[in-house]
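Source file: my_file-v6.txt; contents: compact mmCIF, C-alpha atoms and all ligand atoms.
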```txt
# COMPACT_ATOMS: atom_id res chain seq x y z
CA MET Y 1 205.08 -21.73 -90.34
CA ILE Y 2 202.21 -21.64 -87.90
CA ARG Y 3 198.71 -21.44 -89.36
CA ARG Y 4 196.71 -23.09 -86.62
CA ILE Y 5 197.19 -23.45 -82.89
CA ALA Y 6 195.21 -25.09 -80.11
CA VAL Y 7 194.81 -23.81 -76.56
CA LEU Y 8 193.63 -25.64 -73.42
CA THR Y 9 193.20 -25.04 -69.71
CA SER Y 10 194.22 -27.89 -67.44
CA GLY Y 11 194.37 -29.03 -63.81
CA GLY Y 12 192.98 -26.91 -61.00
CA ASP Y 13 191.02 -23.95 -62.37
CA ALA Y 14 192.31 -20.49 -61.50
CA PRO Y 15 190.66 -17.06 -61.78
CA GLY Y 16 192.16 -15.35 -64.82
CA MET Y 17 192.37 -18.43 -67.05
CA ASN Y 18 189.62 -16.89 -69.21
CA ALA Y 19 191.54 -13.65 -69.61
CA ALA Y 20 194.60 -15.66 -70.70
CA LEU Y 21 192.48 -17.62 -73.19
CA ARG Y 22 191.01 -14.39 -74.57
CA ALA Y 23 194.49 -12.95 -75.08
CA VAL Y 24 195.74 -16.10 -76.83
CA VAL Y 25 192.74 -16.20 -79.15
CA ARG Y 26 192.74 -12.52 -80.09
CA THR Y 27 196.49 -12.11 -80.53
CA GLY Y 28 196.61 -15.38 -82.47
CA ILE Y 29 193.83 -14.26 -84.81
CA GLU Y 30 195.60 -10.91 -85.21
CA ARG Y 31 198.54 -12.86 -86.65
CA GLY Y 32 196.25 -14.55 -89.13
CA TRP Y 33 196.19 -17.88 -87.26
CA GLU Y 34 193.21 -20.04 -86.55
CA VAL Y 35 192.89 -20.76 -82.84
CA PHE Y 36 191.18 -23.93 -81.63
CA GLY Y 37 189.83 -24.07 -78.08
CA VAL Y 38 190.18 -27.56 -76.60
CA ASN Y 39 187.50 -28.53 -74.06
CA HIS Y 40 188.38 -30.20 -70.74
CA GLY Y 41 192.16 -30.07 -70.88
CA TYR Y 42 194.17 -33.05 -72.08
CA THR Y 43 191.04 -35.22 -71.99
CA GLY Y 44 189.53 -33.14 -74.81
CA LEU Y 45 192.81 -33.15 -76.70
CA ILE Y 46 192.88 -36.96 -76.79
CA ALA Y 47 189.16 -37.10 -77.64
CA ASP Y 48 189.44 -34.43 -80.37
CA ASP Y 49 186.94 -32.26 -78.50
CA MET Y 50 187.83 -28.85 -79.90
CA ALA Y 51 186.47 -26.04 -82.06
CA PRO Y 52 187.82 -22.87 -83.64
CA LEU Y 53 187.26 -19.76 -81.52
CA SER Y 54 186.47 -16.34 -82.94
CA ARG Y 55 187.22 -12.99 -81.34
CA ARG Y 56 183.53 -12.85 -80.34
CA ASP Y 57 183.59 -16.32 -78.75
CA VAL Y 58 185.94 -15.01 -76.08
CA GLY Y 59 184.04 -11.75 -75.53
CA GLY Y 60 182.62 -11.03 -72.08
CA ILE Y 61 184.60 -13.74 -70.29
CA MET Y 62 187.33 -11.59 -68.73
CA GLY Y 63 185.45 -11.03 -65.46
CA HIS Y 64 184.48 -14.66 -64.92
CA GLY Y 65 186.46 -17.02 -62.71
CA GLY Y 66 187.06 -20.61 -63.79
CA THR Y 67 187.49 -21.45 -67.46
CA ILE Y 68 184.93 -21.48 -70.28
CA LEU Y 69 186.87 -24.35 -71.90
CA GLY Y 70 186.48 -26.50 -68.82
CA SER Y 71 189.38 -28.23 -67.14
CA ALA Y 72 190.07 -31.82 -66.21
CA ARG Y 73 192.56 -34.22 -64.77
CA CYS Y 74 193.53 -36.78 -67.39
CA PRO Y 75 195.43 -39.89 -66.26
CA GLU Y 76 195.64 -41.12 -69.89
CA PHE Y 77 197.84 -38.18 -70.87
CA ARG Y 78 200.45 -39.42 -68.40
CA THR Y 79 200.96 -42.44 -70.68
CA GLU Y 80 202.92 -42.31 -73.93
CA GLU Y 81 200.01 -44.02 -75.67
CA GLY Y 82 197.64 -41.26 -74.55
CA ARG Y 83 199.99 -38.56 -75.75
CA ARG Y 84 200.41 -40.35 -79.11
CA LYS Y 85 196.64 -40.21 -79.57
CA ALA Y 86 196.79 -36.45 -78.92
CA LEU Y 87 199.61 -36.08 -81.45
CA ALA Y 88 197.53 -37.88 -84.07
CA VAL Y 89 194.53 -35.60 -83.38
CA LEU Y 90 196.65 -32.48 -83.81
CA ALA Y 91 198.26 -33.81 -87.01
CA ARG Y 92 194.84 -34.65 -88.46
CA ARG Y 93 193.65 -31.14 -87.71
CA ASP Y 94 196.81 -29.62 -89.16
CA ILE Y 95 197.53 -27.80 -85.89
CA GLN Y 96 201.16 -26.75 -85.47
CA ALA Y 97 201.38 -25.67 -81.82
CA LEU Y 98 199.66 -26.02 -78.44
CA VAL Y 99 199.27 -23.50 -75.59
CA VAL Y 100 198.77 -25.04 -72.13
CA ILE Y 101 197.32 -22.74 -69.46
CA GLY Y 102 197.77 -24.44 -66.11
CA GLY Y 103 199.80 -25.30 -63.02
CA ASN Y 104 202.56 -27.67 -62.07
CA GLY Y 105 201.00 -30.95 -63.19
CA SER Y 106 199.72 -29.46 -66.44
CA GLN Y 107 203.15 -28.07 -67.29
CA GLY Y 108 204.54 -31.55 -66.57
CA GLY Y 109 202.20 -32.80 -69.27
CA ALA Y 110 203.29 -29.95 -71.55
CA ALA Y 111 206.95 -30.92 -71.04
CA ALA Y 112 206.26 -34.59 -71.78
CA PHE Y 113 204.38 -33.63 -74.95
CA SER Y 114 207.10 -31.23 -75.98
CA GLN Y 115 209.68 -34.01 -75.57
CA MET Y 116 207.77 -36.01 -78.16
CA GLY Y 117 208.56 -33.28 -80.64
CA PHE Y 118 205.36 -31.21 -80.66
CA PRO Y 119 205.71 -27.42 -80.18
CA VAL Y 120 204.12 -26.57 -76.81
CA ILE Y 121 204.20 -23.38 -74.78
CA GLY Y 122 203.01 -23.12 -71.16
CA VAL Y 123 201.25 -20.22 -69.43
CA ALA Y 124 201.74 -20.15 -65.64
CA SER Y 125 198.33 -20.40 -64.00
CA THR Y 126 197.61 -21.88 -60.57
CA ILE Y 127 196.37 -20.56 -57.24
CA ASP Y 128 199.13 -22.54 -55.49
CA ASN Y 129 201.88 -20.21 -56.74
CA ASP Y 130 204.32 -23.12 -56.73
CA LEU Y 131 205.63 -22.89 -60.31
CA VAL Y 132 209.33 -22.37 -60.86
CA GLY Y 133 209.62 -19.69 -63.56
CA SER Y 134 207.03 -17.26 -62.20
CA ASP Y 135 207.16 -15.09 -59.08
CA ILE Y 136 203.39 -15.02 -59.17
CA THR Y 137 200.97 -17.09 -61.25
CA ILE Y 138 197.55 -16.33 -62.72
CA GLY Y 139 194.86 -16.77 -60.04
CA VAL Y 140 196.94 -16.27 -56.91
CA ASP Y 141 196.01 -12.64 -56.32
CA THR Y 142 192.26 -13.32 -56.60
CA ALA Y 143 192.38 -16.45 -54.43
CA LEU Y 144 194.40 -14.61 -51.80
CA ASN Y 145 191.89 -11.79 -51.69
CA VAL Y 146 189.01 -14.26 -51.32
CA VAL Y 147 190.82 -15.96 -48.43
CA LEU Y 148 191.61 -12.63 -46.86
CA GLU Y 149 188.02 -11.48 -46.99
CA ALA Y 150 187.00 -14.68 -45.20
CA VAL Y 151 189.73 -14.21 -42.57
CA ASP Y 152 188.62 -10.61 -41.97
CA ARG Y 153 185.00 -11.66 -41.56
CA LEU Y 154 185.82 -14.52 -39.24
CA LYS Y 155 187.93 -12.17 -37.17
CA VAL Y 156 184.96 -9.88 -36.67
CA THR Y 157 182.73 -12.66 -35.39
CA ALA Y 158 185.61 -14.16 -33.38
CA SER Y 159 186.09 -10.81 -31.60
CA SER Y 160 182.43 -10.55 -30.73
CA HIS Y 161 182.48 -13.89 -28.90
CA GLN Y 162 186.12 -14.10 -27.82
CA ARG Y 163 186.66 -17.15 -29.97
CA ALA Y 164 189.58 -18.76 -31.70
CA PHE Y 165 189.10 -19.70 -35.34
CA LEU Y 166 191.00 -22.37 -37.17
CA ILE Y 167 190.78 -21.50 -40.86
CA GLU Y 168 191.89 -24.10 -43.38
CA VAL Y 169 192.90 -22.85 -46.82
CA MET Y 170 193.91 -24.65 -50.02
CA GLY Y 171 197.46 -25.86 -50.52
CA ARG Y 172 198.13 -29.59 -50.52
CA GLU Y 173 201.86 -29.23 -50.82
CA CYS Y 174 202.31 -25.51 -50.88
CA GLY Y 175 201.74 -23.05 -48.03
CA TYR Y 176 201.87 -19.82 -50.06
CA LEU Y 177 198.17 -18.94 -49.66
CA ALA Y 178 198.16 -19.79 -45.95
CA LEU Y 179 201.31 -17.80 -45.27
CA MET Y 180 200.27 -14.71 -47.20
CA ALA Y 181 196.69 -14.75 -45.92
CA GLY Y 182 198.02 -15.28 -42.41
CA ILE Y 183 200.31 -12.27 -42.65
CA ALA Y 184 197.82 -10.01 -44.43
CA GLY Y 185 195.02 -11.12 -42.11
CA GLY Y 186 197.05 -10.65 -38.91
CA ALA Y 187 196.78 -14.28 -37.83
CA GLU Y 188 198.04 -15.40 -34.44
CA ALA Y 189 199.44 -18.64 -35.91
CA ILE Y 190 200.15 -20.12 -39.36
CA ALA Y 191 200.80 -23.74 -40.32
CA VAL Y 192 202.17 -24.73 -43.74
CA PRO Y 193 203.22 -28.06 -45.30
CA GLU Y 194 206.81 -26.95 -45.93
CA VAL Y 195 207.71 -26.45 -42.27
CA GLU Y 196 207.09 -28.80 -39.36
CA THR Y 197 204.81 -27.12 -36.82
CA ASP Y 198 204.52 -28.20 -33.22
CA PRO Y 199 200.80 -28.15 -32.30
CA GLN Y 200 201.70 -27.54 -28.67
CA GLU Y 201 203.62 -24.42 -29.68
CA ILE Y 202 200.54 -23.11 -31.47
CA ALA Y 203 198.36 -23.95 -28.48
CA ASP Y 204 200.77 -22.14 -26.15
CA SER Y 205 200.80 -19.00 -28.31
CA ILE Y 206 196.99 -18.96 -28.47
CA ARG Y 207 196.82 -19.41 -24.70
CA VAL Y 208 199.21 -16.49 -24.24
CA ALA Y 209 197.06 -14.36 -26.56
CA TYR Y 210 194.02 -15.24 -24.44
CA GLU Y 211 195.75 -14.37 -21.21
CA ARG Y 212 196.88 -11.08 -22.65
CA GLY Y 213 193.24 -10.27 -23.26
CA LYS Y 214 193.14 -10.54 -27.05
CA PRO Y 215 189.51 -10.62 -28.17
CA HIS Y 216 190.17 -13.27 -30.84
CA ALA Y 217 192.73 -15.70 -32.18
CA ILE Y 218 193.07 -16.66 -35.82
CA ILE Y 219 195.02 -19.72 -36.91
CA VAL Y 220 195.47 -20.13 -40.67
CA VAL Y 221 196.44 -23.63 -41.79
CA ALA Y 222 197.13 -25.04 -45.23
CA GLU Y 223 195.17 -28.21 -45.98
CA GLY Y 224 198.40 -30.12 -46.52
CA ALA Y 225 200.11 -29.07 -43.27
CA ARG Y 226 201.01 -32.07 -41.12
CA TYR Y 227 198.37 -30.86 -38.68
CA ASN Y 228 195.49 -29.57 -40.82
CA ALA Y 229 192.39 -27.97 -39.26
CA ALA Y 230 190.89 -31.30 -38.15
CA GLY Y 231 194.24 -32.52 -36.85
CA LEU Y 232 194.91 -29.36 -34.86
CA ALA Y 233 191.37 -29.25 -33.45
CA ALA Y 234 191.70 -32.87 -32.29
CA TYR Y 235 195.08 -32.12 -30.73
CA PHE Y 236 193.77 -29.06 -28.88
CA GLN Y 237 190.81 -30.98 -27.58
CA ALA Y 238 192.96 -33.78 -26.24
CA HIS Y 239 196.01 -31.91 -25.01
CA ALA Y 240 195.55 -28.16 -24.68
CA GLU Y 241 193.57 -25.50 -22.89
CA LEU Y 242 193.37 -22.53 -25.24
CA GLY Y 243 191.16 -20.31 -23.13
CA PHE Y 244 189.17 -19.37 -26.21
CA ASP Y 245 186.19 -21.31 -27.44
CA LEU Y 246 187.37 -22.91 -30.75
CA ARG Y 247 185.59 -22.94 -34.11
CA VAL Y 248 186.79 -24.52 -37.36
CA THR Y 249 186.13 -23.16 -40.86
CA ILE Y 250 187.32 -24.96 -43.98
CA LEU Y 251 187.19 -22.53 -46.89
CA GLY Y 252 187.42 -25.22 -49.60
CA HIS Y 253 186.41 -24.46 -53.15
CA VAL Y 254 185.06 -20.95 -52.51
CA GLN Y 255 188.72 -19.98 -52.85
CA ARG Y 256 188.72 -20.86 -56.54
CA GLY Y 257 185.57 -19.22 -57.85
CA GLY Y 258 186.28 -15.53 -57.33
CA ALA Y 259 185.91 -12.98 -60.13
CA PRO Y 260 189.49 -12.32 -61.25
CA SER Y 261 191.10 -9.23 -59.74
CA ALA Y 262 192.49 -6.43 -61.91
CA PHE Y 263 195.97 -7.83 -61.25
CA ASP Y 264 195.04 -11.33 -62.44
CA ARG Y 265 193.27 -10.02 -65.56
CA LEU Y 266 196.28 -7.95 -66.53
CA LEU Y 267 198.79 -10.68 -65.72
CA ALA Y 268 196.78 -13.26 -67.66
CA THR Y 269 196.41 -10.92 -70.63
CA ARG Y 270 200.14 -10.24 -70.78
CA LEU Y 271 201.18 -13.87 -70.33
CA GLY Y 272 198.65 -15.08 -72.92
CA ALA Y 273 199.78 -12.49 -75.45
CA ALA Y 274 203.45 -13.29 -74.76
CA ALA Y 275 202.82 -16.99 -75.39
CA VAL Y 276 201.56 -16.20 -78.90
CA GLU Y 277 204.39 -13.76 -79.53
CA ARG Y 278 207.02 -16.35 -78.53
CA LEU Y 279 205.41 -19.06 -80.63
CA ALA Y 280 205.46 -16.71 -83.61
CA ALA Y 281 209.16 -16.11 -82.95
CA GLY Y 282 209.75 -19.85 -83.17
CA GLU Y 283 210.13 -20.54 -79.45
CA HIS Y 284 208.49 -23.49 -77.71
CA GLY Y 285 209.14 -26.00 -74.95
CA VAL Y 286 209.05 -23.07 -72.51
CA LEU Y 287 206.87 -21.67 -69.74
CA ILE Y 288 205.72 -18.06 -69.91
CA GLY Y 289 205.82 -16.56 -66.41
CA TRP Y 290 206.34 -13.28 -64.60
CA ILE Y 291 209.60 -12.51 -62.78
CA LYS Y 292 210.52 -9.13 -61.31
CA SER Y 293 207.51 -7.53 -63.04
CA GLU Y 294 208.52 -8.71 -66.49
CA ILE Y 295 207.68 -11.55 -68.83
CA ALA Y 296 209.98 -14.49 -68.10
CA VAL Y 297 210.60 -17.44 -70.41
CA THR Y 298 211.87 -20.63 -68.76
CA PRO Y 299 212.49 -24.01 -70.42
CA LEU Y 300 209.80 -26.48 -69.34
CA SER Y 301 212.58 -28.93 -68.51
CA GLN Y 302 213.64 -26.57 -65.70
CA VAL Y 303 210.08 -26.18 -64.43
CA VAL Y 304 208.87 -29.77 -64.16
CA GLY Y 305 209.51 -31.91 -61.13
CA ARG Y 306 210.35 -28.85 -59.06
CA ARG Y 307 208.40 -26.66 -56.71
CA LYS Y 308 209.11 -23.04 -55.98
CA PRO Y 309 210.20 -22.87 -52.33
CA LEU Y 310 208.25 -20.89 -49.76
CA ASP Y 311 209.91 -17.67 -48.61
CA VAL Y 312 211.18 -18.73 -45.21
CA ASP Y 313 212.10 -15.14 -44.27
CA LEU Y 314 208.44 -14.21 -44.58
CA LEU Y 315 207.51 -17.12 -42.33
CA GLN Y 316 209.96 -15.77 -39.75
CA LEU Y 317 208.43 -12.32 -40.08
CA ALA Y 318 204.97 -13.83 -39.60
CA HIS Y 319 206.13 -15.43 -36.34
CA ILE Y 320 207.41 -12.08 -35.07
CA LEU Y 321 204.23 -10.26 -36.04
CA GLU Y 322 201.82 -12.81 -34.60
CA LYS Y 323 202.93 -12.37 -30.99
P1 LIG V 401 197.75 -28.76 -61.98
O1 LIG V 401 198.15 -28.39 -63.37
O2 LIG V 401 196.72 -27.83 -61.43
O3 LIG V 401 198.94 -28.95 -61.07
P2 LIG V 401 197.38 -31.70 -62.07
O4 LIG V 401 198.58 -31.99 -61.25
O5 LIG V 401 196.14 -32.45 -61.76
O6 LIG V 401 196.97 -30.15 -62.08
O7 LIG V 401 197.76 -32.00 -63.61
C1 LIG V 401 196.82 -31.81 -64.63
C2 LIG V 401 196.96 -32.86 -65.70
O8 LIG V 401 198.24 -32.74 -66.35
C3 LIG V 401 196.94 -34.32 -65.23
O9 LIG V 401 195.64 -34.79 -65.02
C4 LIG V 401 197.59 -35.02 -66.41
O10 LIG V 401 196.69 -35.18 -67.48
C5 LIG V 401 198.64 -34.02 -66.85
N1 LIG V 401 199.96 -34.37 -66.29
C6 LIG V 401 200.45 -34.11 -65.07
N2 LIG V 401 201.70 -34.58 -64.91
C7 LIG V 401 202.02 -35.19 -66.08
C8 LIG V 401 203.17 -35.88 -66.58
N3 LIG V 401 204.25 -36.05 -65.83
N4 LIG V 401 203.12 -36.36 -67.84
C9 LIG V 401 202.03 -36.20 -68.61
N5 LIG V 401 200.93 -35.56 -68.21
C10 LIG V 401 200.90 -35.05 -66.96
```

Once you've parsed the file, please lay out its structure as C-alpha cells.
Ligand code: ADP
Amino acid sequence: MIRRIAVLTSGGDAPGMNAALRAVVRTGIERGWEVFGVNHGYTGLIADDMAPLSRRDVGGIMGHGGTILGSARCPEFRTEEGRRKALAVLARRDIQALVVIGGNGSQGGAAAFSQMGFPVIGVASTIDNDLVGSDITIGVDTALNVVLEAVDRLKVTASSHQRAFLIEVMGRECGYLALMAGIAGGAEAIAVPEVETDPQEIADSIRVAYERGKPHAIIVVAEGARYNAAGLAAYFQAHAELGFDLRVTILGHVQRGGAPSAFDRLLATRLGAAAVERLAAGEHGVLIGWIKSEIAVTPLSQVVGRRKPLDVDLLQLAHILEK
C-alpha cells in the first residue's frame, strides 16, 4: 500500500516539468498520499534534500519553464553505492515509490534504481525527443516553437541584407529539433548528427540558392552534427564561395527557458496524472509516454540504452522542400 511517494526532476530541464510535478502532487494528494518533492534530482535524493508538497506549493507554476525542484546531473547515482544511499533515505522516510520526470539519462537512472527493487515510474520529459516509448516528450513543443521564432526572425534580417545564416540548435546526439525547425522554418539546408552531411553539398546548394536570386539562406544545424556551426563556417571559409555574406547564430540555452506551450502543459498534466494512476494500480518499472495521442506505458528496460530514431522520410522531404 502506498502512503507516501517522492517526485524529482532530473537531467536537462524541459518546459512543462512544473506542470507534470503539479499533476503528480495534486493527483497523489487526491488519493490520500503524501507527496515529497526532491530538490536537484538524484543529488537531492542521496542527500535527503526533500520536503512534503501541498496543493498550494505547486500553485502558479504551470506557466513557468524549468523546474521549481531544480535539476542536476549526479555522477554518484550511477554507482550502486550511491543508489544504496538513496534507498536508505527513502526507507527512513517511509516512502514507497518514486516518480522520475526526465529524459534518457534520468530514465536510465530510474531503471537502475528499479532493478534494485524500489518501485519507480518515469515520466517522459526532454527537449531532445529521443525517448523510446513516447512519440513526443514534455518540452519538445515549446523548445521547437522557441527555435522557430528565432529562425523566422533571422530570416527577416537575412533577407534585408542578402545573408546566409548558420543557426545552431540543441541536440548533441539527436537531430529532432534541427530537422523539425528546419522544415517548419523553410531552411535551405539541415544538418543532424544521425546522418552524415557533406559540407560541400550544403555549400553548393546555398550557392545555387544565391544564383537563383534567393534573398536569404538559412542553414539549421544540430550542435552534435559532425559539422556543427563552427565546423561548417570554417569549411565554407576555406573551401567554398557561397555568394551570400555568412553569419553564425548559436541559440544555446534560450531554447530551454520558454514558457511551456498549451500542448506541453496538457501533455505534462496527463502524463503526471497517469504516473500516479499507474502507481496506484500497482505498476512500476515503466515509463509513462504518449504514443498515437494516448498514454503509453513501456517497461523501463525497453527504454534504456536506446534512442528513438529520427524519421528519415522527413529528412528526405526536407531535402526536396529546401531546393
Ligand atoms: P537527461 O535525463 O536529460 O538525459 P542525463 O543524461 O544527464 O540527463 O542524466 C541525468 C542523471 O541521471 C545523471 O546525472 C545520473 O545521475 C542519472 N543517470 C544517467 N544514466 C544512469 C545510469 N545508467 N545509472 C544510474 N543513473 C544514471

Å distance separating CA of Cys74 in chain Y from CA of Val123 in chain Y, one decimal place: 18.4 Å

Surrounding residues as a count of residues only, ligand LIG 401 (chain V), max 10 Å, only C-alpha atoms and all ligand atoms: 44

Distance of CA of Gly139 in chain Y from CA of Trp290 in chain Y, expressed in Å to one decimal place: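 A separation of 12.8 Å between them.
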
Residue neighbourhood Asn228 in chain Y, 12 Å, all atoms listed in the file, exclusion window fewer than 4 positions, as an mmCIF file with C-alpha atoms, keeping the file's coordinate frame:
```
data_model
loop_
_atom_site.group_PDB
_atom_site.id
_atom_site.type_symbol
_atom_site.label_atom_id
_atom_site.label_comp_id
_atom_site.auth_asym_id
_atom_site.auth_seq_id
_atom_site.Cartn_x
_atom_site.Cartn_y
_atom_site.Cartn_z
ATOM 1 C CA LEU Y 166 191.000 -22.370 -37.170
ATOM 2 C CA ILE Y 167 190.780 -21.500 -40.860
ATOM 3 C CA GLU Y 168 191.890 -24.100 -43.380
ATOM 4 C CA VAL Y 169 192.900 -22.850 -46.820
ATOM 5 C CA MET Y 170 193.910 -24.650 -50.020
ATOM 6 C CA GLY Y 171 197.460 -25.860 -50.520
ATOM 7 C CA ARG Y 172 198.130 -29.590 -50.520
ATOM 8 C CA GLU Y 173 201.860 -29.230 -50.820
ATOM 9 C CA GLY Y 175 201.740 -23.050 -48.030
ATOM 10 C CA ALA Y 178 198.160 -19.790 -45.950
ATOM 11 C CA ILE Y 190 200.150 -20.120 -39.360
ATOM 12 C CA ALA Y 191 200.800 -23.740 -40.320
ATOM 13 C CA VAL Y 192 202.170 -24.730 -43.740
ATOM 14 C CA PRO Y 193 203.220 -28.060 -45.300
ATOM 15 C CA GLU Y 196 207.090 -28.800 -39.360
ATOM 16 C CA THR Y 197 204.810 -27.120 -36.820
ATOM 17 C CA ASP Y 198 204.520 -28.200 -33.220
ATOM 18 C CA PRO Y 199 200.800 -28.150 -32.300
ATOM 19 C CA ILE Y 219 195.020 -19.720 -36.910
ATOM 20 C CA VAL Y 220 195.470 -20.130 -40.670
ATOM 21 C CA VAL Y 221 196.440 -23.630 -41.790
ATOM 22 C CA ALA Y 222 197.130 -25.040 -45.230
ATOM 23 C CA GLU Y 223 195.170 -28.210 -45.980
ATOM 24 C CA GLY Y 224 198.400 -30.120 -46.520
ATOM 25 C CA LEU Y 232 194.910 -29.360 -34.860
ATOM 26 C CA ALA Y 233 191.370 -29.250 -33.450
ATOM 27 C CA ALA Y 234 191.700 -32.870 -32.290
ATOM 28 C CA TYR Y 235 195.080 -32.120 -30.730
ATOM 29 C CA VAL Y 248 186.790 -24.520 -37.360
ATOM 30 C CA THR Y 249 186.130 -23.160 -40.860
ATOM 31 C CA ILE Y 250 187.320 -24.960 -43.980
#
```

Option closest in space to Val120 in chain Y, from Y:Arg226, Y:His284, Y:Arg26, Y:Arg31 [counting only C-alpha atoms]: Y:His284

Which of Y:Ile136, Y:Leu144, Y:Ala184, Y:Leu53 sits closest to Lys292 in chain Y [using only C-alpha atoms]: Y:Ile136

Test item: residues at most 7 Å from Gly16 in chain Y, only C-alpha atoms, excluding those fewer than 5 positions along its chain, as JSON, numbers by chain: {"Y": [65, 138, 139, 260, 264, 265, 268]}

Pull C-alpha atoms from the residues just selected and write them as a compact mmCIF listing (two decimals), in the frame of the given file.
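Writing done, so here's part-v8.txt:
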```txt
# COMPACT_ATOMS: atom_id res chain seq x y z
CA GLY Y 65 186.46 -17.02 -62.71
CA ILE Y 138 197.55 -16.33 -62.72
CA GLY Y 139 194.86 -16.77 -60.04
CA PRO Y 260 189.49 -12.32 -61.25
CA ASP Y 264 195.04 -11.33 -62.44
CA ARG Y 265 193.27 -10.02 -65.56
CA ALA Y 268 196.78 -13.26 -67.66
```

Nearest to Phe118 in chain Y, chosen from Y:Leu90, Y:Val297, Y:Val58, Y:Ala262, with only C-alpha atoms counted in the distances: Y:Leu90

Among the residues Y:Ala280, Y:Ala187, Y:Val195, Y:Met1, the one that comes closest to Leu154 in chain Y [using only C-alpha atoms]: Y:Ala187

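Remark: for Arg307 in chain Y, the closest of the candidate residues Y:Val25, Y:Val140, Y:Ala230, Y:Cys174 is Y:Cys174 (distances computed over only C-alpha atoms).
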
Residue nearest Gly186 in chain Y among Y:Asp48, Y:Asp152, Y:Glu294, Y:Asp94 (counting only C-alpha atoms): Y:Asp152

Quick one: axis-aligned box around all listed atoms of range 214-232 of chain Y, 5 Å on every side, centre and edge lengths in Å to one decimal, written as AutoDock Vina command-line options.
```
--center_x 195.3 --center_y -21.5 --center_z -36.8 --size_x 21.5 --size_y 32.0 --size_z 29.5
```

Separation of CA of Lys308 in chain Y from CA of Asn129 in chain Y, in Å and rounded to one decimal: 7.8 Å

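Polymer residues near (193.0, -13.6, -23.9): counting all atoms listed in the file with a cut-off of 10 Å, they are Gln162, Arg163, Ala164, Ile206, Arg207, Val208, Ala209, Tyr210, Glu211, Arg212, Gly213, Lys214, Pro215, His216, Ala217, Leu242, Gly243 and Phe244 of chain Y.
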
Val312 in chain Y surroundings by all atoms listed in the file, 12 Å radius, close-in-sequence under 2 positions cut, as a PyMOL selection string: chain Y and resi 175-176+179-180+192+194-195+308-310+314-319
